>>> print(open('query.txt').read())   # compact mmCIF, C-alpha atoms
# COMPACT_ATOMS: atom_id res chain seq x y z
CA MET A 873 -20.42 -9.44 18.88
CA GLU A 874 -19.81 -10.29 15.32
CA ARG A 875 -18.90 -7.52 12.95
CA THR A 876 -20.47 -6.78 9.60
CA HIS A 877 -19.11 -4.45 7.00
CA GLN A 878 -20.57 -3.43 3.69
CA LEU A 879 -18.06 -3.41 0.85
CA GLU A 880 -17.90 0.14 -0.52
CA LEU A 881 -16.90 -1.04 -3.96
CA PHE A 882 -19.52 -3.76 -4.03
CA PRO A 883 -22.49 -2.29 -2.20
CA ASP A 884 -24.63 -5.35 -2.86
CA ARG A 885 -22.35 -7.45 -0.65
CA SER A 886 -21.71 -7.55 3.07
CA VAL A 887 -18.93 -9.24 4.97
CA THR A 888 -19.51 -10.66 8.45
CA LEU A 889 -16.75 -11.79 10.78
CA LEU A 890 -17.30 -14.17 13.68
CA LEU A 891 -14.67 -15.11 16.22
CA PHE A 892 -14.71 -18.23 18.35
CA GLN A 893 -12.50 -19.34 21.24
CA HIS A 894 -12.09 -22.62 23.10
CA VAL A 895 -13.05 -24.49 19.98
CA LYS A 896 -13.10 -28.26 20.44
CA ASN A 897 -14.03 -29.52 16.99
CA ALA A 898 -11.49 -27.81 14.74
CA ALA A 899 -10.73 -31.07 12.93
CA ALA A 900 -14.37 -31.67 12.11
CA LEU A 901 -14.83 -28.06 11.01
CA ARG A 902 -11.85 -28.25 8.74
CA LYS A 903 -13.24 -31.36 7.14
CA LYS A 904 -16.59 -29.68 6.63
CA ALA A 905 -14.90 -26.67 5.07
CA MET A 906 -12.98 -28.88 2.64
CA GLU A 907 -16.17 -30.70 1.69
CA GLY A 908 -17.98 -27.42 1.29
CA SER A 909 -20.69 -28.33 3.77
CA ILE A 910 -20.13 -25.29 5.92
CA GLU A 911 -20.83 -21.75 4.83
CA GLY A 912 -17.90 -19.39 5.32
CA ALA A 913 -14.11 -19.13 5.20
CA LEU A 914 -12.47 -20.66 8.26
CA ILE A 915 -9.37 -18.74 9.17
CA ASN A 916 -6.65 -19.15 11.78
CA PRO A 917 -6.92 -15.98 13.91
CA ALA A 918 -3.25 -16.15 14.93
CA MET A 919 -2.33 -14.92 11.45
CA ILE A 920 -4.71 -11.98 11.54
CA VAL A 921 -3.63 -8.65 13.03
CA ASP A 922 -6.82 -6.72 12.46
CA PRO A 923 -10.26 -7.26 10.92
CA PHE A 924 -9.23 -4.81 8.19
CA GLN A 925 -6.82 -7.44 6.90
CA VAL A 926 -9.67 -9.88 6.40
CA LEU A 927 -11.85 -7.23 4.79
CA VAL A 928 -9.12 -6.43 2.28
CA ALA A 929 -8.85 -10.12 1.41
CA ALA A 930 -12.61 -10.39 1.07
CA ASN A 931 -12.75 -7.28 -1.09
CA LYS A 932 -10.14 -8.66 -3.45
CA ALA A 933 -11.84 -12.07 -3.56
CA VAL A 934 -15.23 -10.56 -4.39
CA HIS A 935 -13.63 -8.39 -7.09
CA LEU A 936 -11.92 -11.35 -8.73
CA HIS A 937 -15.06 -13.44 -8.42
CA LYS A 938 -17.06 -10.76 -10.22
CA ILE A 939 -14.66 -10.60 -13.13
CA GLY A 940 -14.19 -14.35 -13.23
CA LYS A 941 -10.50 -14.20 -12.46
CA MET A 942 -10.26 -16.13 -9.19
CA LYS A 943 -7.28 -18.38 -8.75
CA THR A 944 -9.16 -20.84 -6.53
CA ARG A 945 -12.49 -22.56 -7.03
CA THR A 946 -14.72 -20.90 -4.48
CA LEU A 947 -15.13 -17.41 -3.09
CA TYR A 948 -14.25 -18.55 0.42
CA ALA A 949 -11.13 -20.35 -0.77
CA GLU A 950 -10.19 -17.18 -2.60
CA ILE A 951 -10.46 -15.14 0.58
CA ILE A 952 -8.00 -17.44 2.30
CA PHE A 953 -5.72 -17.32 -0.74
CA SER A 954 -5.87 -13.51 -0.81
CA LEU A 955 -4.52 -13.39 2.73
CA SER A 956 -1.31 -15.02 1.62
CA PRO A 957 1.66 -12.90 0.51
CA ASN A 958 2.61 -15.49 -2.11
CA ASN A 959 0.90 -17.32 -4.95
CA ASN A 960 1.00 -20.83 -3.55
CA ILE A 961 -2.56 -21.95 -2.92
CA SER A 962 -1.90 -25.02 -0.78
CA ASP A 963 0.56 -23.07 1.33
CA ALA A 964 -2.09 -20.41 1.89
CA PHE A 965 -4.55 -22.99 3.17
CA LYS A 966 -1.95 -24.50 5.42
CA LYS A 967 -0.91 -21.22 6.98
CA PHE A 968 -4.13 -19.23 6.98
CA GLY A 969 -6.78 -21.91 7.14
CA ILE A 970 -7.49 -23.74 10.36
CA SER A 971 -5.66 -26.86 11.41
CA ASP A 972 -6.97 -29.73 13.48
CA SER A 973 -5.28 -28.59 16.68
CA ASP A 974 -6.53 -24.99 16.60
CA THR A 975 -8.63 -23.76 19.50
CA ALA A 976 -9.66 -20.48 17.96
CA VAL A 977 -11.43 -19.93 14.66
CA LEU A 978 -12.32 -16.82 12.69
CA ILE A 979 -15.19 -17.28 10.28
CA VAL A 980 -15.85 -14.95 7.39
CA LEU A 981 -19.18 -14.85 5.61
CA VAL A 982 -20.03 -12.94 2.45
CA VAL A 983 -23.68 -12.34 1.78
CA ASP A 984 -25.78 -10.46 -0.72
CA ARG A 985 -27.34 -7.46 0.91
CA ASP A 986 -30.92 -8.40 0.37
CA LYS A 987 -30.51 -11.88 1.80
CA THR A 988 -30.62 -12.22 5.57
CA VAL A 989 -27.43 -13.47 7.14
CA ASN A 990 -27.93 -16.85 8.76
CA LEU A 991 -25.33 -16.73 11.46
CA GLU A 992 -27.06 -19.33 13.60
CA ASP A 993 -26.48 -22.03 11.05
CA THR A 994 -22.75 -21.54 10.95
CA ALA A 995 -22.31 -20.64 14.63
CA SER A 996 -24.17 -23.72 15.79
CA GLN A 997 -21.70 -25.98 14.03
CA VAL A 998 -18.82 -24.62 16.08
CA GLU A 999 -18.23 -26.28 19.44
CA GLY A 1000 -16.82 -23.23 21.05
CA GLN A 1001 -17.57 -19.86 22.56
CA GLN A 1002 -18.31 -16.93 20.31
CA VAL A 1003 -16.42 -13.84 21.39
CA SER A 1004 -16.20 -10.24 20.27
CA LEU A 1005 -13.81 -9.25 17.47
CA ASP A 1006 -12.12 -7.04 20.05
CA GLU A 1007 -10.45 -10.17 21.38
CA LEU A 1008 -8.63 -10.68 18.08
CA PRO A 1009 -5.42 -8.78 18.94
CA ARG A 1010 -4.94 -11.11 21.89
CA LEU A 1011 -4.99 -14.10 19.59
CA THR A 1012 -2.54 -12.70 17.06
CA ASP A 1013 0.89 -14.31 16.85
CA THR A 1014 2.84 -11.22 15.82
CA ALA A 1015 6.13 -13.05 15.37
CA LYS A 1016 4.55 -15.60 13.07
CA VAL A 1017 2.86 -12.88 11.04
CA LYS A 1018 6.09 -10.93 10.63
CA LYS A 1019 7.85 -14.08 9.49
CA MET A 1020 5.11 -15.10 7.07
CA TYR A 1021 4.87 -11.71 5.45
CA LYS A 1022 8.63 -11.14 5.65
CA VAL A 1023 8.27 -7.72 7.25
CA THR A 1024 11.60 -5.88 7.40
CA PRO A 1025 12.73 -3.94 10.48
CA GLN A 1026 12.92 -0.69 8.47
CA GLU A 1027 9.29 -1.12 7.52
CA GLU A 1028 8.13 -1.16 11.08
CA LYS A 1029 9.34 2.41 11.51
CA ILE A 1030 7.21 3.86 8.74
CA GLY A 1031 3.92 2.20 9.47
CA THR A 1032 2.00 -0.42 11.38
CA LEU A 1033 2.32 -4.15 10.91
CA LEU A 1034 -1.16 -4.03 9.42
CA ASP A 1035 0.03 -1.60 6.72
CA SER A 1036 2.88 -3.91 5.75
CA VAL A 1037 0.63 -6.94 5.67
CA VAL A 1038 -2.09 -5.31 3.59
CA CYS A 1039 0.46 -3.87 1.15
CA ARG A 1040 1.83 -7.29 0.40
CA MET A 1041 -1.61 -8.82 0.08
CA SER A 1042 -2.75 -6.22 -2.43
CA THR A 1043 0.38 -6.11 -4.56
CA LYS A 1044 1.38 -9.76 -4.66
CA ASP A 1045 0.16 -10.20 -8.20
CA VAL A 1046 1.68 -7.09 -9.70
CA LEU A 1047 5.23 -8.35 -9.94
CA ARG B 133 -10.96 10.40 -0.86
CA GLY B 134 -13.19 8.52 1.48
CA LEU B 135 -13.49 5.43 3.58
CA PHE B 136 -12.37 2.07 2.35
CA LEU B 137 -13.41 -0.79 4.58
CA GLY B 138 -13.41 1.57 7.53
CA ARG B 139 -10.10 3.30 6.86
CA ALA B 140 -9.32 6.67 5.35
CA ALA B 141 -8.24 6.05 1.80
CA VAL B 142 -7.50 7.77 -1.46
CA ALA B 143 -8.77 6.24 -4.68
CA LYS B 144 -6.49 6.92 -7.65
CA LEU B 145 -8.53 6.47 -10.77
CA ARG B 146 -6.76 6.73 -14.07
CA VAL B 147 -8.70 9.14 -16.26
CA PRO B 148 -8.69 7.73 -19.78
CA LYS B 149 -7.06 10.17 -22.13
CA ARG B 150 -9.36 10.32 -25.12
CA TYR B 151 -6.68 11.58 -27.44
CA ARG B 152 -4.79 8.33 -27.13
CA HIS B 153 -5.37 5.25 -29.21
CA PRO B 154 -7.42 2.85 -27.05
CA ALA B 155 -4.95 -0.02 -27.20
CA LEU B 156 -2.14 2.26 -26.15
CA GLU B 157 -4.31 3.83 -23.47
CA GLU B 158 -5.08 0.48 -21.90
CA ARG B 159 -1.44 -0.63 -21.96
CA LEU B 160 -0.16 2.63 -20.55
CA SER B 161 -2.76 2.74 -17.80
CA ARG B 162 -1.99 -0.81 -16.86
CA ARG B 163 1.74 -0.21 -16.87
CA ARG B 164 1.54 3.00 -14.83
CA THR B 165 -0.71 1.38 -12.24
CA ALA B 166 1.58 -1.63 -11.96
CA GLN B 167 4.68 0.54 -11.74
CA GLU B 168 3.15 2.66 -9.05
CA ALA B 169 2.08 -0.36 -7.01
CA ARG B 170 5.48 -1.95 -7.44
CA SER B 171 7.37 1.18 -6.41
CA LEU B 172 5.14 1.72 -3.39
CA LEU B 173 5.77 -1.82 -2.21
CA ARG B 174 9.50 -1.47 -2.84
CA CYS B 175 9.57 1.78 -0.85
CA ARG B 176 7.73 0.22 2.03
CA ARG B 177 10.04 -2.76 2.25
CA ALA B 178 13.06 -0.47 2.31
CA GLY B 179 11.54 1.72 4.99
CA ILE B 180 10.92 4.70 2.67
CA PRO B 181 7.72 6.40 3.85
CA ALA B 182 5.02 6.10 1.21
CA PRO B 183 1.28 5.33 1.36
CA ALA B 184 0.23 1.72 1.92
CA VAL B 185 -1.59 0.00 -0.93
CA TYR B 186 -5.01 -1.33 0.03
CA PHE B 187 -6.30 -2.60 -3.31
CA VAL B 188 -5.27 -2.69 -6.94
CA ASP B 189 -8.02 -2.92 -9.53
CA TYR B 190 -6.58 -4.14 -12.81
CA VAL B 191 -9.87 -3.72 -14.61
CA THR B 192 -10.17 0.03 -14.17
CA ASN B 193 -6.45 0.44 -13.43
CA SER B 194 -7.15 2.22 -10.19
CA LEU B 195 -5.34 2.14 -6.89
CA TYR B 196 -6.77 2.44 -3.41
CA LEU B 197 -4.15 3.87 -1.11
CA GLU B 198 -3.73 4.92 2.49
CA ASP B 199 -4.85 8.50 3.05
CA ILE B 200 -2.38 10.50 5.10
CA VAL B 201 -5.01 12.39 7.03
CA ASP B 202 -4.48 16.09 7.80
CA SER B 203 -1.20 16.14 5.98
CA ILE B 204 0.08 19.17 4.12
CA THR B 205 2.33 19.24 1.10
CA VAL B 206 5.87 20.48 1.53
CA GLN B 207 4.87 23.11 -1.01
CA ASP B 208 2.17 24.52 1.25
CA TYR B 209 4.44 24.30 4.26
CA ILE B 210 7.14 26.34 2.57
CA TYR B 211 4.59 28.94 1.52
CA THR B 212 3.28 29.21 5.07
CA VAL B 213 6.71 29.53 6.63
CA GLU B 214 7.87 32.10 4.09
CA ARG B 215 4.75 34.17 4.52
CA SER B 216 5.09 34.23 8.29
CA GLY B 217 8.53 35.72 7.82
CA ASN B 218 10.39 34.07 10.66
CA ASP B 219 11.73 30.58 11.37
CA THR B 220 13.61 29.98 8.15
CA SER B 221 15.87 27.61 10.05
CA SER B 222 13.06 25.06 9.93
CA LEU B 223 13.25 25.21 6.14
CA HIS B 224 16.92 24.33 6.37
CA THR B 225 16.09 21.29 8.51
CA LEU B 226 13.33 20.37 6.09
CA ALA B 227 15.76 20.50 3.19
CA GLU B 228 18.15 18.24 5.05
CA LYS B 229 15.39 15.75 5.78
CA MET B 230 14.37 15.78 2.13
CA GLY B 231 17.94 15.18 1.04
CA GLU B 232 18.26 12.27 3.40
CA LEU B 233 14.99 10.71 2.25
CA LEU B 234 15.80 11.03 -1.45
CA ALA B 235 19.25 9.58 -0.89
CA ARG B 236 17.73 6.53 0.75
CA MET B 237 15.20 6.19 -2.05
CA HIS B 238 17.83 6.40 -4.76
CA ASP B 239 20.04 3.94 -2.90
CA GLU B 240 17.18 1.48 -3.38
CA ASP B 241 17.31 2.31 -7.09
CA ILE B 242 13.84 3.80 -7.00
CA ILE B 243 13.40 6.73 -9.38
CA HIS B 244 10.34 8.80 -8.48
CA GLY B 245 9.93 10.39 -11.88
CA ASP B 246 7.89 13.39 -10.76
CA LEU B 247 9.63 14.97 -7.81
CA THR B 248 7.98 18.21 -6.81
CA THR B 249 7.23 19.81 -3.47
CA ALA B 250 3.59 18.92 -4.04
CA ASN B 251 4.47 15.22 -4.06
CA LEU B 252 6.04 15.32 -0.63
CA LEU B 253 3.71 15.34 2.32
CA LEU B 254 4.27 16.20 5.95
CA ARG B 255 2.36 14.15 8.49
CA PRO B 256 0.63 16.18 11.19
CA PRO B 257 2.02 18.00 13.09
CA PRO B 258 4.23 19.51 10.37
CA GLU B 259 6.92 20.55 12.85
CA LYS B 260 7.88 16.91 13.29
CA MET B 261 9.14 16.86 9.70
CA ASP B 262 7.70 13.40 9.13
CA LEU B 263 7.91 13.19 5.35
CA VAL B 264 5.89 10.90 3.08
CA LEU B 265 6.49 10.51 -0.65
CA ILE B 266 3.46 10.21 -2.90
CA ASP B 267 2.49 9.89 -6.56
CA PHE B 268 4.70 7.21 -7.98
CA GLY B 269 2.80 7.03 -11.25
CA LEU B 270 5.85 7.86 -13.33
CA SER B 271 8.33 5.95 -11.23
CA PHE B 272 10.62 3.13 -12.31
CA ILE B 273 13.52 1.09 -11.02
CA SER B 274 17.01 2.07 -12.18
CA GLY B 275 20.55 1.99 -10.86
CA LEU B 276 21.84 4.52 -13.36
CA ALA B 277 23.33 7.71 -11.98
CA GLU B 278 21.87 9.49 -14.99
CA ASP B 279 18.31 8.65 -13.99
CA LYS B 280 18.92 9.68 -10.40
CA GLY B 281 20.53 12.89 -11.55
CA VAL B 282 17.53 13.69 -13.71
CA ASP B 283 15.21 12.90 -10.80
CA LEU B 284 17.01 15.53 -8.72
CA TYR B 285 17.07 17.96 -11.63
CA VAL B 286 13.29 17.73 -11.98
CA LEU B 287 12.99 18.57 -8.29
CA GLU B 288 15.42 21.46 -8.61
CA LYS B 289 13.44 22.98 -11.47
CA ALA B 290 10.21 22.48 -9.57
CA PHE B 291 11.72 24.10 -6.50
CA ILE B 292 13.00 27.18 -8.26
CA SER B 293 9.82 27.74 -10.22
CA THR B 294 7.42 27.40 -7.30
CA HIS B 295 9.55 28.78 -4.49
CA PRO B 296 11.58 31.88 -5.38
CA ASP B 297 14.95 32.30 -3.64
CA SER B 298 15.07 28.65 -2.65
CA GLU B 299 18.57 28.01 -3.95
CA THR B 300 20.01 27.80 -0.44
CA MET B 301 17.37 25.27 0.50
CA PHE B 302 18.18 23.10 -2.46
CA LYS B 303 21.88 23.38 -1.73
CA ALA B 304 21.31 22.09 1.80
CA LEU B 305 19.20 19.28 0.33
CA LEU B 306 22.00 18.23 -1.99
CA LYS B 307 24.57 18.42 0.77
CA THR B 308 22.64 16.00 2.96
CA TYR B 309 21.91 13.85 -0.10
CA ALA B 310 25.61 13.55 -0.81
CA ALA B 311 26.37 12.79 2.82
CA THR B 312 23.67 10.14 3.14
CA SER B 313 24.11 8.23 -0.10
CA LYS B 314 27.27 6.31 -0.76
CA LYS B 315 26.63 6.32 -4.48
CA SER B 316 25.99 10.06 -4.63
CA GLY B 317 29.25 11.06 -6.33
CA PRO B 318 28.32 10.02 -9.86
CA VAL B 319 24.76 11.21 -9.32
CA ILE B 320 25.79 14.77 -8.45
CA LYS B 321 28.15 14.71 -11.38
CA LYS B 322 25.34 13.76 -13.71
CA LEU B 323 23.15 16.43 -12.17
CA ASP B 324 25.75 19.06 -13.07
CA GLU B 325 25.93 17.67 -16.58
CA VAL B 326 22.17 17.75 -17.00
CA ARG B 327 22.03 21.32 -15.75
CA LEU B 328 24.42 22.36 -18.46
CA ARG B 329 22.48 20.49 -21.10
CA GLY B 330 19.00 21.78 -20.44
CA ARG B 331 15.80 19.94 -19.62
CA LYS B 332 14.71 17.75 -22.49
CA ARG B 333 17.58 15.68 -23.60
CA SER B 334 18.07 12.12 -24.66
CA MET B 335 21.32 10.25 -24.93
CA ILE B 336 19.82 7.94 -27.52
CA GLY B 337 20.46 8.65 -31.18
>>> encode(input="query.txt", output="structure tokens")
Amino acid sequence: MERTHQLELFPDRSVTLLLFQHVKNAAALRKKAMEGSIEGALINPAMIVDPFQVLVAANKAVHLHKIGKMKTRTLYAEIIFSLSPNNNISDAFKKFGISDSDTAVLIVLVVDRDKTVNLEDTASQVEGQQVSLDELPRLTDTAKVKKMYKVTPQEEKIGTLLDSVVCRMSTKDVL
Amino acid sequence: RGLFLGRAAVAKLRVPKRYRHPALEERLSRRRTAQEARSLLRCRRAGIPAPAVYFVDYVTNSLYLEDIVDSITVQDYIYTVERSGNDTSSLHTLAEKMGELLARMHDEDIIHGDLTTANLLLRPPPEKMDLVLIDFGLSFISGLAEDKGVDLYVLEKAFISTHPDSETMFKALLKTYAATSKKSGPVIKKLDEVRLRGRKRSMIG
């Protein structure tokens, strides 16, 4: 149900994605995430078009973490920040992190390969139903994504929305 | 080439040139990588087909880009068509498509810097003439007609040297270029000037 991917560039790390629907305690989860008492990055699935988008963010976050150049304070915060097309950290949390009224949550975990992933711990804290990542496209708010990433109409002809999104994520700090 | 987070990708690693001074090497590598990433993003936003950027590593100055799977270079396509003997009308259409694409690119003030038929890909199936520009390592942003003219000149030289008897193709390319771009007048003028001058020239000093 959940999906795990090993990072090619960082073979000692694995990224696991868990998706939950009908979540009742989003407010409590958000609080826990802010306190740091829950393991994982809690993301609003409406802003995600494809798991690849999350993997790209995670890849960048792990890279920056390794070289000590993160812009935020924790790896999980960095993942959320990496999803944003701009360099405003609080805005990134607002748009990509979960809000109290959300009923769906995407959780991202990064683990070292030799350590066993404790999904139970995190999953048990969510008052909701875990569903397969295949349900993600149904939860995506395409209009919101296009607006957030400022995707132009010409762009849509030369590639997928995912391409546009990932491009902006990866090049936001070059300009 | 390989898989990056489950997708076909190309990793562009900058090979350090040992003959360069290390400080210069680092700066140049960094600049080229940044320029390439910037140009690719600019292309994408303007609707110019170019690979998507998946990851930029500023430590090793390498880029991880979308791999256009099963594509062939325009260079190989031209070879194949010419060897098969028939269907040269498709080359004419190809030239027109190239002219149109370059006009749009230049209208966005993007100078490719290394235009050759090997840096233009055709998505499969090649008959669809779905072009993709690649290799923006030497690219930069400029509105000057001179720079655009030189960009076209580089392509012309590359064309003639790799594909004999391709003058008609290039002419068709330029015709569509002129028709597509509103700012093409001065650019074509500069192209003529550069042709008369020769390849390596500098207006400075």
>>> interface_residues(input="query.txt", of="chain A", to="chain B", cutoff="7 Å", atoms="only C-alpha atoms", output="NGL selection string")
:A and (879-880 or 924 or 927-928 or 1024 or 1026-1027 or 1029-1030 or 1035 or 1038-1039 or 1042-1043 or 1046-1047)
>>> atom_distance(input="query.txt", atom1="CA of Tyr309 (chain B)", atom2="CA of Arg1040 (chain A)")
29.2 Å
>>> closest_atom_pairs(input="query.txt", of="region 878-913 of chain A", to="region 1004-1021 of chain A", cutoff="12 Å", atoms="all atoms listed in the file", output="CSV")
residue,atom,partner,partner_atom,distance
A:Thr888,CA,A:Leu1005,CA,10.8
A:Leu889,CA,A:Leu1005,CA,7.7
A:Leu890,CA,A:Leu1005,CA,7.1
A:Leu891,CA,A:Leu1005,CA,6.1
A:Phe892,CA,A:Ser1004,CA,8.4
A:Gln893,CA,A:Leu1011,CA,9.3
A:His894,CA,A:Leu1011,CA,11.6
>>> atom_distance(input="query.txt", atom1="CA of Ala900 (chain A)", atom2="CA of Ser954 (chain A)")
23.9 Å
>>> closest_residue(input="query.txt", among="B:Leu233, B:Ile320, B:Leu253, B:Leu284", to="Val201 (chain B)", atoms="all atoms listed in the file")
B:Leu253
>>> residues_around(input="query.txt", residues="region 150-157 of chain B", least_positions_apart="6", cutoff="12 Å", atoms="only C-alpha atoms", output="ChimeraX atom specification")
/B:163-164,192-193
>>> closest_residue(input="query.txt", among="A:Glu1028, A:Asp922, A:Asp972, A:Asp1045", to="Lys904 (chain A)", atoms="only C-alpha atoms")
A:Asp972
>>> closest_residue(input="query.txt", among="B:Glu278, B:Asp199, B:Asp267, B:Glu232", to="Pro318 (chain B)", atoms="all atoms listed in the file")
B:Glu278
>>> atom_distance(input="query.txt", atom1="CA of Leu276 (chain B)", atom2="CA of Glu240 (chain B)")
11.4 Å
>>> closest_residue(input="query.txt", among="A:Thr988, A:Thr876, A:Asn960, A:Ser886", to="Pro923 (chain A)", atoms="all atoms listed in the file")
A:Thr876
>>> closest_residue(input="query.txt", among="A:Glu950, A:Glu999, A:Asp884, A:Glu907", to="Arg985 (chain A)", atoms="only C-alpha atoms")
A:Asp884
>>> closest_residue(input="query.txt", among="A:Ser962, A:Ser956, A:Gln1001, A:Thr994", to="Ile920 (chain A)", atoms="all atoms listed in the file")
A:Ser956
>>> residues_around(input="query.txt", residues="Val282 (chain B)", least_positions_apart="2", cutoff="12 Å", atoms="only C-alpha atoms", output="JSON, numbers by chain")
{"B": [238, 243, 244, 245, 246, 247, 274, 276, 277, 278, 279, 280, 284, 285, 286, 287, 288, 289, 319, 320, 321, 322, 323, 324, 325, 326, 327, 329, 330, 331, 332, 333, 334]}
>>> residues_around(input="query.txt", residues="Thr944 (chain A)", least_positions_apart="4", cutoff="12 Å", atoms="only C-alpha atoms", output="PDB file with C-alpha atoms, keeping the file's coordinate frame")
ATOM      1  CA  ALA A 933     -11.840 -12.070  -3.560  1.00  0.00           C
ATOM      2  CA  LEU A 936     -11.920 -11.350  -8.730  1.00  0.00           C
ATOM      3  CA  HIS A 937     -15.060 -13.440  -8.420  1.00  0.00           C
ATOM      4  CA  GLY A 940     -14.190 -14.350 -13.230  1.00  0.00           C
ATOM      5  CA  TYR A 948     -14.250 -18.550   0.420  1.00  0.00           C
ATOM      6  CA  ALA A 949     -11.130 -20.350  -0.770  1.00  0.00           C
ATOM      7  CA  GLU A 950     -10.190 -17.180  -2.600  1.00  0.00           C
ATOM      8  CA  ILE A 951     -10.460 -15.140   0.580  1.00  0.00           C
ATOM      9  CA  ILE A 952      -8.000 -17.440   2.300  1.00  0.00           C
ATOM     10  CA  PHE A 953      -5.720 -17.320  -0.740  1.00  0.00           C
ATOM     11  CA  SER A 954      -5.870 -13.510  -0.810  1.00  0.00           C
ATOM     12  CA  ASN A 959       0.900 -17.320  -4.950  1.00  0.00           C
ATOM     13  CA  ASN A 960       1.000 -20.830  -3.550  1.00  0.00           C
ATOM     14  CA  ILE A 961      -2.560 -21.950  -2.920  1.00  0.00           C
ATOM     15  CA  SER A 962      -1.900 -25.020  -0.780  1.00  0.00           C
ATOM     16  CA  ALA A 964      -2.090 -20.410   1.890  1.00  0.00           C
ATOM     17  CA  PHE A 965      -4.550 -22.990   3.170  1.00  0.00           C
TER      18      PHE A 965
END
>>> decode(input="query.txt", residues="region 189-202 of chain B", atoms="N, CA, C and O atoms", output="CSV table (one decimal), in the first residue's frame")
chain,number,residue,atom,x,y,z
B,189,ASP,N,22.9,19.6,-8.9
B,189,ASP,CA,23.9,19.3,-7.8
B,189,ASP,C,25.0,20.4,-7.9
B,189,ASP,O,25.8,20.3,-8.8
B,190,TYR,N,24.9,21.4,-6.9
B,190,TYR,CA,25.9,22.4,-7.0
B,190,TYR,C,27.3,22.1,-6.5
B,190,TYR,O,28.2,22.8,-6.5
B,191,VAL,N,27.3,20.9,-5.9
B,191,VAL,CA,28.6,20.4,-5.3
B,191,VAL,C,29.5,19.9,-6.5
B,191,VAL,O,30.7,20.3,-6.7
B,192,THR,N,28.9,19.0,-7.3
B,192,THR,CA,29.6,18.4,-8.4
B,192,THR,C,29.3,19.1,-9.7
B,192,THR,O,29.9,18.7,-10.7
B,193,ASN,N,28.5,20.1,-9.6
B,193,ASN,CA,28.0,20.8,-10.8
B,193,ASN,C,27.5,19.9,-11.9
B,193,ASN,O,27.9,19.9,-13.0
B,194,SER,N,26.6,19.0,-11.5
B,194,SER,CA,26.0,18.1,-12.4
B,194,SER,C,24.5,18.3,-12.4
B,194,SER,O,23.9,18.8,-11.5
B,195,LEU,N,23.9,18.0,-13.6
B,195,LEU,CA,22.5,18.1,-13.8
B,195,LEU,C,21.8,16.8,-14.1
B,195,LEU,O,22.4,16.0,-14.8
B,196,TYR,N,20.7,16.6,-13.5
B,196,TYR,CA,19.9,15.4,-13.8
B,196,TYR,C,18.7,15.8,-14.6
B,196,TYR,O,17.8,16.5,-14.1
B,197,LEU,N,18.7,15.4,-15.9
B,197,LEU,CA,17.6,15.8,-16.8
B,197,LEU,C,16.7,14.7,-17.2
B,197,LEU,O,17.1,13.5,-17.2
B,198,GLU,N,15.6,15.1,-17.8
B,198,GLU,CA,14.7,14.1,-18.4
B,198,GLU,C,15.3,13.5,-19.6
B,198,GLU,O,16.0,14.2,-20.4
B,199,ASP,N,15.2,12.2,-19.7
B,199,ASP,CA,15.8,11.5,-20.9
B,199,ASP,C,14.7,11.3,-21.9
B,199,ASP,O,13.6,10.8,-21.6
B,200,ILE,N,14.9,11.8,-23.1
B,200,ILE,CA,13.9,11.7,-24.1
B,200,ILE,C,14.1,10.3,-24.7
B,200,ILE,O,15.0,10.1,-25.6
B,201,VAL,N,13.4,9.3,-24.2
B,201,VAL,CA,13.6,8.0,-24.6
B,201,VAL,C,13.3,7.7,-26.1
B,201,VAL,O,12.4,8.1,-26.6
B,202,ASP,N,14.2,6.9,-26.7
B,202,ASP,CA,14.1,6.4,-28.1
B,202,ASP,C,14.1,7.6,-29.1
B,202,ASP,O,13.5,7.5,-30.1
